[in-house]
Amino acid sequence: METPTTIAKNLLKDITWIDELYSGSIPSNVEVNTNKNTVLITEYLNEPSQYANMEIKYWLVGVEVQIFYKLDGDDFQNHELQVAKLFNDNRWHIDTSRNRIKDPDTKQWTKVFYFSKNLEMEEGI
């Protein structure tokens, strides 16, 4: 079974306005680039969620999706709606959608989503 961050990254990989897409962490050798839209996906939830006949039937996973917009970016709302709709269309629940904030150091606008999904356990695991 793929990790939650891999599943989420595969959902986002074809979005054209995302210039850089990372999962887990941004590599230390990557410099902050305020001229690119960067997305970081991290895991925030990974636990059993439903049982039947003393067996785990579903596993609840969740990802945090952080968007760092380029300085001259615009159309934030449509970008965010696209991401939310993509996850929703793929049976993820939107747990939290934080307000956009401006990073005091880089002056970039940032947005954070939390998505979760119940994965059905495969037989034989």
# chains A, B, ... in the order shown; residues from 1 in each chain; ligands from 1
$ select_by_dssp --residues "chain A" --states "helix (DSSP H, G or I)" --output "number ranges by chain"
A: 4-12, 76-89
$ select_by_dssp --residues "chain A" --states "strand (DSSP E)" --output "MDAnalysis selection string"
chainID A and resid 20:23 38:52 55:68 93:97 101:102 109:120
$ closest_residue --among "A:Asp105, A:Asn53, A:Ile26, A:Trp17" --to "A:Asn78" --atoms "only C-alpha atoms"
A:Trp17
$ closest_residue --among "A:Val61, A:Val39, A:Ile101, A:His93" --to "A:Glu2" --atoms "only C-alpha atoms"
A:Val61
$ residues_around --residues "A:Trp92" --least-positions-apart "6" --cutoff "7 Å" --atoms "only C-alpha atoms" --output "JSON, numbers by chain"
{"A": [115, 116, 117]}
$ atom_distance --atom1 "atom CA of A:Pro48" --atom2 "atom CA of A:Gly62"
11.9 Å
$ closest_residue --among "A:Ala52, A:Asn37, A:Thr6, A:Leu60" --to "A:Asp75" --atoms "only C-alpha atoms"
A:Asn37
$ atom_distance --atom1 "atom CA of A:Ser25" --atom2 "atom CA of A:Phe68"
13.5 Å
$ closest_residue --among "A:Asn33, A:Ile94, A:His79, A:Glu43" --to "A:Ile7" --atoms "only C-alpha atoms"
A:Glu43
$ residues_around --residues "A:Thr38" --least-positions-apart "5" --cutoff "7 Å" --atoms "only C-alpha atoms" --output "list in words"
Ile18, Asp19, Glu20, Leu21, Ile67, Phe68 and Tyr69 of chain A
$ atom_distance --atom1 "atom CA of A:Leu119" --atom2 "atom CA of A:Phe87"
14.0 Å
$ residues_around --residues "A:Gln66" --least-positions-apart "3" --cutoff "6 Å" --atoms "only C-alpha atoms" --output "JSON, numbers by chain"
{"A": [39, 40, 111, 112]}
$ closest_residue --among "A:Leu12, A:Ala84, A:Met54, A:Leu45" --to "A:Ser97" --atoms "only C-alpha atoms"
A:Ala84
$ closest_residue --among "A:Met121, A:Val83, A:Met1, A:Ala8" --to "A:Gln50" --atoms "only C-alpha atoms"
A:Met121
